[in-house]
Amino acid sequence: MITILIGAPGSGKGTQSSLLCERFGFTHLSTGDIFRAEMAAKSDIGHKAAEYVNSGKLVPDAVVTEMVAGKLDDPQGRYLLDGFPRNLAQAQALSGLLAQRKAAVDLVLFLDLTPEEAMKRLTSRRICPCGEVFNVLSRPPQTEGKCDKCGKDLVQREDDSEGTARKRLMVYEDLTRPLVAYYKAEGVLQEVDGGSSPETVASALAEIVAPQLGAR
Ligand code: AMP
């Protein structure tokens with residue numbers, strides 16, 4: 001089963017993916033997380049991706065698509081794609097890839113959020129190298145600048161700085177948002193208000209996902 005999570009940067013895709021994976025046993029495939037891990041490991045893909053990721057641009061389609069194809073290796077797998085596809089060419093490449101395996105996109109979950117709210121969330125986000133995510137406005141750590149879980153110093157993602165965040169939101173509006181209409185036309189899109197609290201969004205998503213899994 002292939003489920004896609006679409007939403008602006010900052011719409012809560014990472015948080016909601018973790019909850020969905022925990023609850024429904026999806027294999028999480030976040031292209032942004034994979035690129036960040038490859039960059040930290042200074043691998044070939046990491047080197048190729050760094051200049052794009054750090055400036056808020058999309059990594060070339062061929063690099064991303066090949067990487068995702070390599071990860072979708074279990075034909076019976078229950079995958080949650082987060083951050084892919086990011087434009088029409090990637091959506092078409094994904095359809096082609098799945099068609100070869102006699103599969104298709106089953107469900108697209110769209111987290112709708114205004115660009116203003118997305119901008120506010122991105123620039124106030126702080127992360128810990130251990131993977132915990134905080135927000136100085138909505139989820140501040142107990143001790144300023146320190147992770148609640150491991151005590152390490154929190155940092156701002158380089159691409160969450162104001163200029164790069166703005167660029168990423170423009171790329172989202174221009175290239176990724178058109179996928180909402182694309183998947184609506186395919187009859188697989190379900191929309192949730194991404195401006196609600198994480199708990200409310202999580203229950204709305206669970207209500208959509210549970211019946212789909214039950215039907216399989
Ligand atoms: P994210 O964590 O999803 O916001 O992704 C961070 C960055 O990784 C993006 O700004 C892009 O530079 C790159 N990236 C992630 N997913 C893709 C994708 N599907 N296509 C191209 N670039 C991507």
# chains A, B, ... in the order shown; residues from 1 in each chain; ligands from 1
>>> closest_atom_pairs(of="chain A", to="ligand 1", cutoff="6 Å", atoms="only C-alpha atoms and all ligand atoms", output="tab-separated table")
residue	atom	partner	partner_atom_place_in_ligand_line	distance
A:Pro9	CA	ligand 1	4 (O)	5.1
A:Thr31	CA	ligand 1	16 (N)	4.4
A:Gly32	CA	ligand 1	5 (O)	3.6
A:Asp33	CA	ligand 1	2 (O)	5.8
A:Tyr52	CA	ligand 1	12 (O)	4.9
A:Val53	CA	ligand 1	12 (O)	3.3
A:Gly56	CA	ligand 1	10 (O)	4.4
A:Lys57	CA	ligand 1	12 (O)	4.8
A:Leu58	CA	ligand 1	22 (N)	3.7
A:Val59	CA	ligand 1	22 (N)	3.9
A:Val64	CA	ligand 1	20 (N)	5.6
A:Gly83	CA	ligand 1	3 (O)	4.4
A:Phe84	CA	ligand 1	19 (N)	3.9
A:Pro85	CA	ligand 1	19 (N)	4.9
A:Arg86	CA	ligand 1	19 (N)	4.5
A:Arg168	CA	ligand 1	10 (O)	5.8
>>> residues_around(residues="Ser11 of chain A", least_positions_apart="6", cutoff="7 Å", atoms="only C-alpha atoms", output="PyMOL selection string")
chain A and resi 111+113+118+194
>>> atom_distance(atom1="atom CA of Leu88 of chain A", atom2="atom CA of Lys71 of chain A")
20.1 Å
>>> residues_around(residues="Phe110 of chain A", least_positions_apart="4", cutoff="12 Å", atoms="only C-alpha atoms", output="ChimeraX atom specification")
/A:3-8,11-13,16,81-83,176-184,188-195,201,204-205,208
>>> write_last_selection(atoms="N, CA and C atoms", output="tab-separated table (two decimals), in the first residue's frame")
chain	number	residue	atom	x	y	z
A	3	THR	N	0.90	5.25	0.54
A	3	THR	CA	0.23	6.46	1.01
A	3	THR	C	1.22	7.60	0.92
A	4	ILE	N	0.72	8.77	0.47
A	4	ILE	CA	1.58	9.95	0.34
A	4	ILE	C	1.07	11.03	1.30
A	5	LEU	N	1.99	11.71	1.94
A	5	LEU	CA	1.63	12.85	2.77
A	5	LEU	C	2.14	14.10	2.07
A	6	ILE	N	1.20	15.00	1.69
A	6	ILE	CA	1.59	16.24	1.02
A	6	ILE	C	1.27	17.42	1.94
A	7	GLY	N	2.15	18.39	1.98
A	7	GLY	CA	1.86	19.61	2.73
A	7	GLY	C	3.05	20.52	2.62
A	8	ALA	N	2.81	21.81	2.91
A	8	ALA	CA	3.90	22.78	2.85
A	8	ALA	C	4.97	22.40	3.87
A	11	SER	N	4.14	22.03	7.72
A	11	SER	CA	2.73	21.69	7.93
A	11	SER	C	2.55	20.53	8.92
A	12	GLY	N	3.67	19.94	9.36
A	12	GLY	CA	3.55	18.86	10.36
A	12	GLY	C	3.70	17.47	9.76
A	13	LYS	N	4.25	17.40	8.56
A	13	LYS	CA	4.39	16.08	7.91
A	13	LYS	C	5.25	15.13	8.74
A	16	GLN	N	3.37	14.06	12.00
A	16	GLN	CA	2.24	13.17	11.69
A	16	GLN	C	2.71	11.84	11.10
A	81	LEU	N	4.98	7.85	2.12
A	81	LEU	CA	5.94	8.74	1.45
A	81	LEU	C	5.73	10.16	1.96
A	82	ASP	N	6.81	10.75	2.46
A	82	ASP	CA	6.73	12.08	3.08
A	82	ASP	C	7.76	12.97	2.38
A	83	GLY	N	7.25	13.95	1.63
A	83	GLY	CA	8.18	14.84	0.91
A	83	GLY	C	8.48	14.36	-0.51
A	176	THR	N	4.83	21.99	-5.89
A	176	THR	CA	4.25	20.86	-5.16
A	176	THR	C	2.74	20.97	-5.02
A	177	ARG	N	2.26	22.18	-4.74
A	177	ARG	CA	0.82	22.34	-4.52
A	177	ARG	C	-0.03	21.87	-5.72
A	178	PRO	N	0.44	22.04	-6.97
A	178	PRO	CA	-0.35	21.52	-8.09
A	178	PRO	C	-0.64	20.02	-7.99
A	179	LEU	N	0.12	19.30	-7.17
A	179	LEU	CA	-0.14	17.86	-7.01
A	179	LEU	C	-1.47	17.60	-6.32
A	180	VAL	N	-1.96	18.60	-5.59
A	180	VAL	CA	-3.26	18.43	-4.91
A	180	VAL	C	-4.34	18.21	-5.97
A	181	ALA	N	-4.33	19.06	-7.00
A	181	ALA	CA	-5.32	18.92	-8.08
A	181	ALA	C	-5.10	17.61	-8.84
A	182	TYR	N	-3.83	17.27	-9.04
A	182	TYR	CA	-3.48	16.04	-9.78
A	182	TYR	C	-4.05	14.81	-9.08
A	183	TYR	N	-3.83	14.71	-7.77
A	183	TYR	CA	-4.30	13.52	-7.05
A	183	TYR	C	-5.81	13.58	-6.77
A	184	LYS	N	-6.35	14.80	-6.73
A	184	LYS	CA	-7.82	14.92	-6.59
A	184	LYS	C	-8.47	14.31	-7.83
A	188	VAL	N	-7.90	10.04	-5.23
A	188	VAL	CA	-7.26	9.43	-4.05
A	188	VAL	C	-6.93	10.46	-2.95
A	189	LEU	N	-7.31	11.73	-3.18
A	189	LEU	CA	-6.90	12.77	-2.23
A	189	LEU	C	-7.88	12.95	-1.07
A	190	GLN	N	-7.33	13.08	0.12
A	190	GLN	CA	-8.13	13.42	1.31
A	190	GLN	C	-7.44	14.60	1.99
A	191	GLU	N	-8.27	15.59	2.38
A	191	GLU	CA	-7.68	16.82	2.91
A	191	GLU	C	-7.95	16.98	4.41
A	192	VAL	N	-6.95	17.47	5.12
A	192	VAL	CA	-7.10	17.71	6.57
A	192	VAL	C	-6.57	19.11	6.86
A	193	ASP	N	-7.19	19.82	7.81
A	193	ASP	CA	-6.75	21.16	8.17
A	193	ASP	C	-5.46	21.07	9.00
A	194	GLY	N	-4.35	21.42	8.36
A	194	GLY	CA	-3.04	21.32	9.02
A	194	GLY	C	-2.82	22.41	10.06
A	195	GLY	N	-3.75	23.37	10.15
A	195	GLY	CA	-3.61	24.46	11.12
A	195	GLY	C	-4.11	24.07	12.50
A	201	VAL	N	-5.10	16.92	14.26
A	201	VAL	CA	-4.69	16.46	12.93
A	201	VAL	C	-4.49	14.95	12.94
A	204	ALA	N	-7.78	13.15	12.87
A	204	ALA	CA	-8.43	13.27	11.55
A	204	ALA	C	-7.76	12.31	10.55
A	205	LEU	N	-6.44	12.25	10.61
A	205	LEU	CA	-5.72	11.37	9.67
A	205	LEU	C	-6.03	9.90	9.97
A	208	ILE	N	-9.18	8.69	8.54
A	208	ILE	CA	-9.13	8.44	7.09
A	208	ILE	C	-8.38	7.13	6.79
>>> closest_residue(among="A:Ile34, A:Leu109, A:Ala104, A:Cys147", to="Gln92 of chain A", atoms="only C-alpha atoms")
A:Ala104
>>> residues_around(residues="Arg23 of chain A", least_positions_apart="3", cutoff="12 Å", atoms="only C-alpha atoms", output="PyMOL selection string")
chain A and resi 16-20+26-27+202-203+205-207+209-210+213
>>> write_last_selection(atoms="all heavy atoms", output="mmCIF file, in the first residue's frame")
data_model
loop_
_atom_site.group_PDB
_atom_site.id
_atom_site.type_symbol
_atom_site.label_atom_id
_atom_site.label_comp_id
_atom_site.auth_asym_id
_atom_site.auth_seq_id
_atom_site.Cartn_x
_atom_site.Cartn_y
_atom_site.Cartn_z
ATOM 1 N N GLN A 16 3.368 14.060 11.999
ATOM 2 C CA GLN A 16 2.237 13.173 11.692
ATOM 3 C C GLN A 16 2.711 11.837 11.099
ATOM 4 O O GLN A 16 2.103 10.797 11.359
ATOM 5 C CB GLN A 16 1.244 13.866 10.740
ATOM 6 C CG GLN A 16 0.593 15.109 11.336
ATOM 7 C CD GLN A 16 -0.174 14.812 12.630
ATOM 8 O OE1 GLN A 16 -0.690 13.710 12.841
ATOM 9 N NE2 GLN A 16 -0.245 15.803 13.512
ATOM 10 N N SER A 17 3.804 11.877 10.351
ATOM 11 C CA SER A 17 4.329 10.617 9.807
ATOM 12 C C SER A 17 4.724 9.687 10.943
ATOM 13 O O SER A 17 4.421 8.496 10.918
ATOM 14 C CB SER A 17 5.584 10.855 8.981
ATOM 15 O OG SER A 17 5.276 11.540 7.830
ATOM 16 N N SER A 18 5.418 10.247 11.954
ATOM 17 C CA SER A 18 5.860 9.393 13.068
ATOM 18 C C SER A 18 4.643 8.759 13.734
ATOM 19 O O SER A 18 4.651 7.558 14.049
ATOM 20 C CB SER A 18 6.593 10.197 14.132
ATOM 21 O OG SER A 18 7.638 10.858 13.553
ATOM 22 N N LEU A 19 3.589 9.559 13.943
ATOM 23 C CA LEU A 19 2.403 9.026 14.623
ATOM 24 C C LEU A 19 1.723 7.950 13.766
ATOM 25 O O LEU A 19 1.310 6.895 14.267
ATOM 26 C CB LEU A 19 1.406 10.162 14.923
ATOM 27 C CG LEU A 19 1.922 11.221 15.916
ATOM 28 C CD1 LEU A 19 0.987 12.422 15.977
ATOM 29 C CD2 LEU A 19 2.072 10.610 17.314
ATOM 30 N N LEU A 20 1.635 8.207 12.475
ATOM 31 C CA LEU A 20 0.979 7.236 11.581
ATOM 32 C C LEU A 20 1.778 5.929 11.509
ATOM 33 O O LEU A 20 1.206 4.841 11.483
ATOM 34 C CB LEU A 20 0.821 7.822 10.165
ATOM 35 C CG LEU A 20 -0.272 8.875 9.986
ATOM 36 C CD1 LEU A 20 -0.123 9.585 8.642
ATOM 37 C CD2 LEU A 20 -1.659 8.247 10.090
ATOM 38 N N PHE A 26 3.344 1.748 9.133
ATOM 39 C CA PHE A 26 3.901 2.110 7.816
ATOM 40 C C PHE A 26 5.422 2.104 7.880
ATOM 41 O O PHE A 26 6.009 2.364 8.931
ATOM 42 C CB PHE A 26 3.509 3.541 7.441
ATOM 43 C CG PHE A 26 2.088 3.736 7.030
ATOM 44 C CD1 PHE A 26 1.178 4.335 7.887
ATOM 45 C CD2 PHE A 26 1.648 3.361 5.770
ATOM 46 C CE1 PHE A 26 -0.136 4.549 7.505
ATOM 47 C CE2 PHE A 26 0.345 3.568 5.372
ATOM 48 C CZ PHE A 26 -0.557 4.166 6.250
ATOM 49 N N THR A 27 6.049 1.871 6.753
ATOM 50 C CA THR A 27 7.475 2.157 6.602
ATOM 51 C C THR A 27 7.571 3.607 6.143
ATOM 52 O O THR A 27 6.991 3.975 5.115
ATOM 53 C CB THR A 27 8.105 1.249 5.524
ATOM 54 O OG1 THR A 27 7.937 -0.101 5.959
ATOM 55 C CG2 THR A 27 9.565 1.553 5.316
ATOM 56 N N ALA A 202 -3.843 14.455 14.009
ATOM 57 C CA ALA A 202 -3.566 13.013 14.090
ATOM 58 C C ALA A 202 -4.872 12.221 14.091
ATOM 59 O O ALA A 202 -4.979 11.198 13.396
ATOM 60 C CB ALA A 202 -2.742 12.703 15.336
ATOM 61 N N SER A 203 -5.885 12.684 14.852
ATOM 62 C CA SER A 203 -7.127 11.886 14.845
ATOM 63 C C SER A 203 -7.829 11.968 13.509
ATOM 64 O O SER A 203 -8.397 10.970 13.042
ATOM 65 C CB SER A 203 -8.145 12.246 15.940
ATOM 66 O OG SER A 203 -7.736 13.232 16.741
ATOM 67 N N LEU A 205 -6.436 12.249 10.606
ATOM 68 C CA LEU A 205 -5.718 11.367 9.672
ATOM 69 C C LEU A 205 -6.032 9.899 9.972
ATOM 70 O O LEU A 205 -6.255 9.096 9.050
ATOM 71 C CB LEU A 205 -4.203 11.601 9.757
ATOM 72 C CG LEU A 205 -3.701 12.953 9.237
ATOM 73 C CD1 LEU A 205 -2.201 13.096 9.496
ATOM 74 C CD2 LEU A 205 -3.989 13.107 7.742
ATOM 75 N N ALA A 206 -6.070 9.577 11.261
ATOM 76 C CA ALA A 206 -6.341 8.179 11.638
ATOM 77 C C ALA A 206 -7.722 7.752 11.157
ATOM 78 O O ALA A 206 -7.911 6.620 10.701
ATOM 79 C CB ALA A 206 -6.222 8.013 13.147
ATOM 80 N N GLU A 207 -8.683 8.677 11.223
ATOM 81 C CA GLU A 207 -10.039 8.341 10.758
ATOM 82 C C GLU A 207 -10.079 8.065 9.268
ATOM 83 O O GLU A 207 -10.916 7.312 8.784
ATOM 84 C CB GLU A 207 -10.999 9.497 11.059
ATOM 85 C CG GLU A 207 -11.662 9.331 12.406
ATOM 86 C CD GLU A 207 -12.589 10.468 12.738
ATOM 87 O OE1 GLU A 207 -13.339 10.909 11.837
ATOM 88 O OE2 GLU A 207 -12.548 10.918 13.890
ATOM 89 N N VAL A 209 -7.272 6.936 7.495
ATOM 90 C CA VAL A 209 -6.394 5.802 7.178
ATOM 91 C C VAL A 209 -6.986 4.459 7.629
ATOM 92 O O VAL A 209 -6.931 3.472 6.882
ATOM 93 C CB VAL A 209 -4.989 6.020 7.813
ATOM 94 C CG1 VAL A 209 -4.131 4.778 7.694
ATOM 95 C CG2 VAL A 209 -4.285 7.202 7.148
ATOM 96 N N ALA A 210 -7.562 4.445 8.832
ATOM 97 C CA ALA A 210 -8.018 3.162 9.399
ATOM 98 C C ALA A 210 -8.973 2.403 8.468
ATOM 99 O O ALA A 210 -8.747 1.208 8.205
ATOM 100 C CB ALA A 210 -8.639 3.388 10.772
ATOM 101 N N LEU A 213 -7.178 0.788 5.524
ATOM 102 C CA LEU A 213 -6.397 -0.407 5.848
ATOM 103 C C LEU A 213 -7.325 -1.579 6.102
ATOM 104 O O LEU A 213 -7.050 -2.709 5.705
ATOM 105 C CB LEU A 213 -5.512 -0.163 7.081
ATOM 106 C CG LEU A 213 -4.409 0.865 6.871
ATOM 107 C CD1 LEU A 213 -3.632 1.092 8.156
ATOM 108 C CD2 LEU A 213 -3.457 0.422 5.781
#
>>> select_by_dssp(residues="segment 50-140 of chain A", states="strand (DSSP E)", output="PyMOL selection string")
chain A and resi 79-82+107-112+125-127+133-135
>>> write_last_selection(atoms="all heavy atoms", output="short mmCIF file (atom, residue, chain, number, x, y, z; two decimals), in the first residue's frame")
data_model
loop_
_atom_site.label_atom_id
_atom_site.label_comp_id
_atom_site.auth_asym_id
_atom_site.auth_seq_id
_atom_site.Cartn_x
_atom_site.Cartn_y
_atom_site.Cartn_z
N TYR A 79 3.89 1.58 2.65
CA TYR A 79 4.81 2.73 2.69
C TYR A 79 4.08 4.05 2.91
O TYR A 79 3.00 4.27 2.35
CB TYR A 79 5.57 2.84 1.37
CG TYR A 79 6.57 1.71 1.17
CD1 TYR A 79 6.28 0.63 0.35
CD2 TYR A 79 7.81 1.75 1.80
CE1 TYR A 79 7.19 -0.40 0.17
CE2 TYR A 79 8.73 0.73 1.61
CZ TYR A 79 8.42 -0.34 0.81
OH TYR A 79 9.34 -1.35 0.63
N LEU A 80 4.72 4.92 3.68
CA LEU A 80 4.24 6.29 3.82
C LEU A 80 5.30 7.22 3.24
O LEU A 80 6.41 7.32 3.76
CB LEU A 80 4.02 6.62 5.30
CG LEU A 80 3.49 8.03 5.57
CD1 LEU A 80 2.08 8.21 4.98
CD2 LEU A 80 3.44 8.32 7.06
N LEU A 81 4.98 7.85 2.12
CA LEU A 81 5.94 8.74 1.45
C LEU A 81 5.73 10.16 1.96
O LEU A 81 4.62 10.69 1.88
CB LEU A 81 5.75 8.70 -0.07
CG LEU A 81 5.80 7.34 -0.75
CD1 LEU A 81 5.77 7.51 -2.26
CD2 LEU A 81 7.06 6.60 -0.34
N ASP A 82 6.81 10.75 2.46
CA ASP A 82 6.73 12.08 3.08
C ASP A 82 7.76 12.97 2.38
O ASP A 82 8.95 12.73 2.48
CB ASP A 82 7.01 11.85 4.59
CG ASP A 82 7.47 13.08 5.34
OD1 ASP A 82 7.43 14.18 4.77
OD2 ASP A 82 7.86 12.92 6.51
N LEU A 107 -3.54 6.31 -1.51
CA LEU A 107 -4.13 7.38 -0.71
C LEU A 107 -3.15 8.55 -0.64
O LEU A 107 -1.95 8.35 -0.44
CB LEU A 107 -4.37 6.82 0.71
CG LEU A 107 -4.92 7.75 1.78
CD1 LEU A 107 -6.32 8.24 1.40
CD2 LEU A 107 -4.98 7.03 3.13
N VAL A 108 -3.69 9.77 -0.79
CA VAL A 108 -2.86 10.97 -0.63
C VAL A 108 -3.48 11.83 0.46
O VAL A 108 -4.65 12.23 0.35
CB VAL A 108 -2.75 11.76 -1.95
CG1 VAL A 108 -1.92 13.03 -1.73
CG2 VAL A 108 -2.10 10.91 -3.03
N LEU A 109 -2.74 12.07 1.51
CA LEU A 109 -3.22 12.88 2.63
C LEU A 109 -2.62 14.27 2.48
O LEU A 109 -1.39 14.42 2.43
CB LEU A 109 -2.75 12.25 3.95
CG LEU A 109 -3.23 10.82 4.19
CD1 LEU A 109 -2.43 10.16 5.31
CD2 LEU A 109 -4.73 10.81 4.51
N PHE A 110 -3.49 15.27 2.40
CA PHE A 110 -3.03 16.63 2.18
C PHE A 110 -3.23 17.45 3.44
O PHE A 110 -4.36 17.62 3.90
CB PHE A 110 -3.80 17.25 1.00
CG PHE A 110 -3.62 18.73 0.83
CD1 PHE A 110 -2.36 19.33 0.90
CD2 PHE A 110 -4.72 19.56 0.56
CE1 PHE A 110 -2.20 20.70 0.74
CE2 PHE A 110 -4.57 20.93 0.39
CZ PHE A 110 -3.31 21.49 0.49
N LEU A 111 -2.13 17.94 4.02
CA LEU A 111 -2.20 18.81 5.21
C LEU A 111 -2.23 20.25 4.72
O LEU A 111 -1.20 20.78 4.28
CB LEU A 111 -0.97 18.60 6.10
CG LEU A 111 -0.80 17.24 6.74
CD1 LEU A 111 0.46 17.22 7.61
CD2 LEU A 111 -2.01 16.89 7.58
N ASP A 112 -3.39 20.88 4.80
CA ASP A 112 -3.54 22.23 4.27
C ASP A 112 -3.14 23.26 5.33
O ASP A 112 -3.57 23.16 6.48
CB ASP A 112 -5.01 22.43 3.86
CG ASP A 112 -5.18 23.64 2.97
OD1 ASP A 112 -4.16 24.17 2.48
OD2 ASP A 112 -6.33 24.07 2.76
N ARG A 125 11.10 26.71 14.46
CA ARG A 125 11.43 25.31 14.72
C ARG A 125 12.89 25.17 15.19
O ARG A 125 13.77 25.84 14.68
CB ARG A 125 11.22 24.51 13.42
CG ARG A 125 11.65 23.06 13.52
CD ARG A 125 11.00 22.21 12.47
NE ARG A 125 11.44 22.51 11.11
CZ ARG A 125 10.93 21.91 10.03
NH1 ARG A 125 9.96 21.01 10.14
NH2 ARG A 125 11.37 22.22 8.82
N ARG A 126 13.11 24.30 16.15
CA ARG A 126 14.48 23.98 16.59
C ARG A 126 14.57 22.46 16.67
O ARG A 126 13.62 21.79 17.08
CB ARG A 126 14.78 24.57 17.99
CG ARG A 126 14.69 26.08 18.06
CD ARG A 126 15.82 26.79 17.27
NE ARG A 126 15.70 28.26 17.36
CZ ARG A 126 14.98 29.01 16.54
NH1 ARG A 126 14.31 28.46 15.54
NH2 ARG A 126 14.92 30.32 16.71
N ILE A 127 15.72 21.93 16.28
CA ILE A 127 15.85 20.48 16.27
C ILE A 127 17.06 20.03 17.10
O ILE A 127 18.00 20.80 17.32
CB ILE A 127 16.00 19.92 14.84
CG1 ILE A 127 17.20 20.54 14.14
CG2 ILE A 127 14.74 20.15 14.01
CD1 ILE A 127 17.63 19.78 12.90
N VAL A 133 12.08 17.25 17.86
CA VAL A 133 11.80 18.53 17.22
C VAL A 133 11.02 19.42 18.20
O VAL A 133 10.06 18.97 18.83
CB VAL A 133 10.96 18.32 15.93
CG1 VAL A 133 10.67 19.66 15.27
CG2 VAL A 133 11.69 17.40 14.96
N PHE A 134 11.45 20.67 18.33
CA PHE A 134 10.77 21.62 19.22
C PHE A 134 10.34 22.84 18.42
O PHE A 134 10.71 22.98 17.26
CB PHE A 134 11.73 22.05 20.35
CG PHE A 134 12.13 20.91 21.24
CD1 PHE A 134 13.21 20.09 20.90
CD2 PHE A 134 11.42 20.63 22.40
CE1 PHE A 134 13.58 19.03 21.70
CE2 PHE A 134 11.79 19.55 23.21
CZ PHE A 134 12.87 18.75 22.86
N ASN A 135 9.55 23.69 19.07
CA ASN A 135 9.17 24.93 18.43
C ASN A 135 9.15 26.00 19.51
O ASN A 135 8.45 25.82 20.52
CB ASN A 135 7.79 24.78 17.77
CG ASN A 135 7.45 26.01 16.96
OD1 ASN A 135 7.25 27.09 17.51
ND2 ASN A 135 7.42 25.85 15.64
#
>>> select_by_dssp(residues="segment 72-210 of chain A", states="helix (DSSP H, G or I)", output="PyMOL selection string")
chain A and resi 88-100+115-123+158-160+162-176+178-185+198-210
>>> closest_residue(among="A:Asn54, A:Thr15, A:Ser43, A:Glu186", to="Asp159 of chain A", atoms="only C-alpha atoms")
A:Asn54
>>> atom_distance(atom1="atom CA of Pro140 of chain A", atom2="atom CA of Thr114 of chain A")
22.0 Å
>>> closest_residue(among="A:Gly14, A:Met119, A:Ser124, A:Leu137", to="Thr164 of chain A", atoms="only C-alpha atoms")
A:Met119
>>> atom_distance(atom1="atom CA of Thr200 of chain A", atom2="atom CA of Leu29 of chain A")
23.1 Å
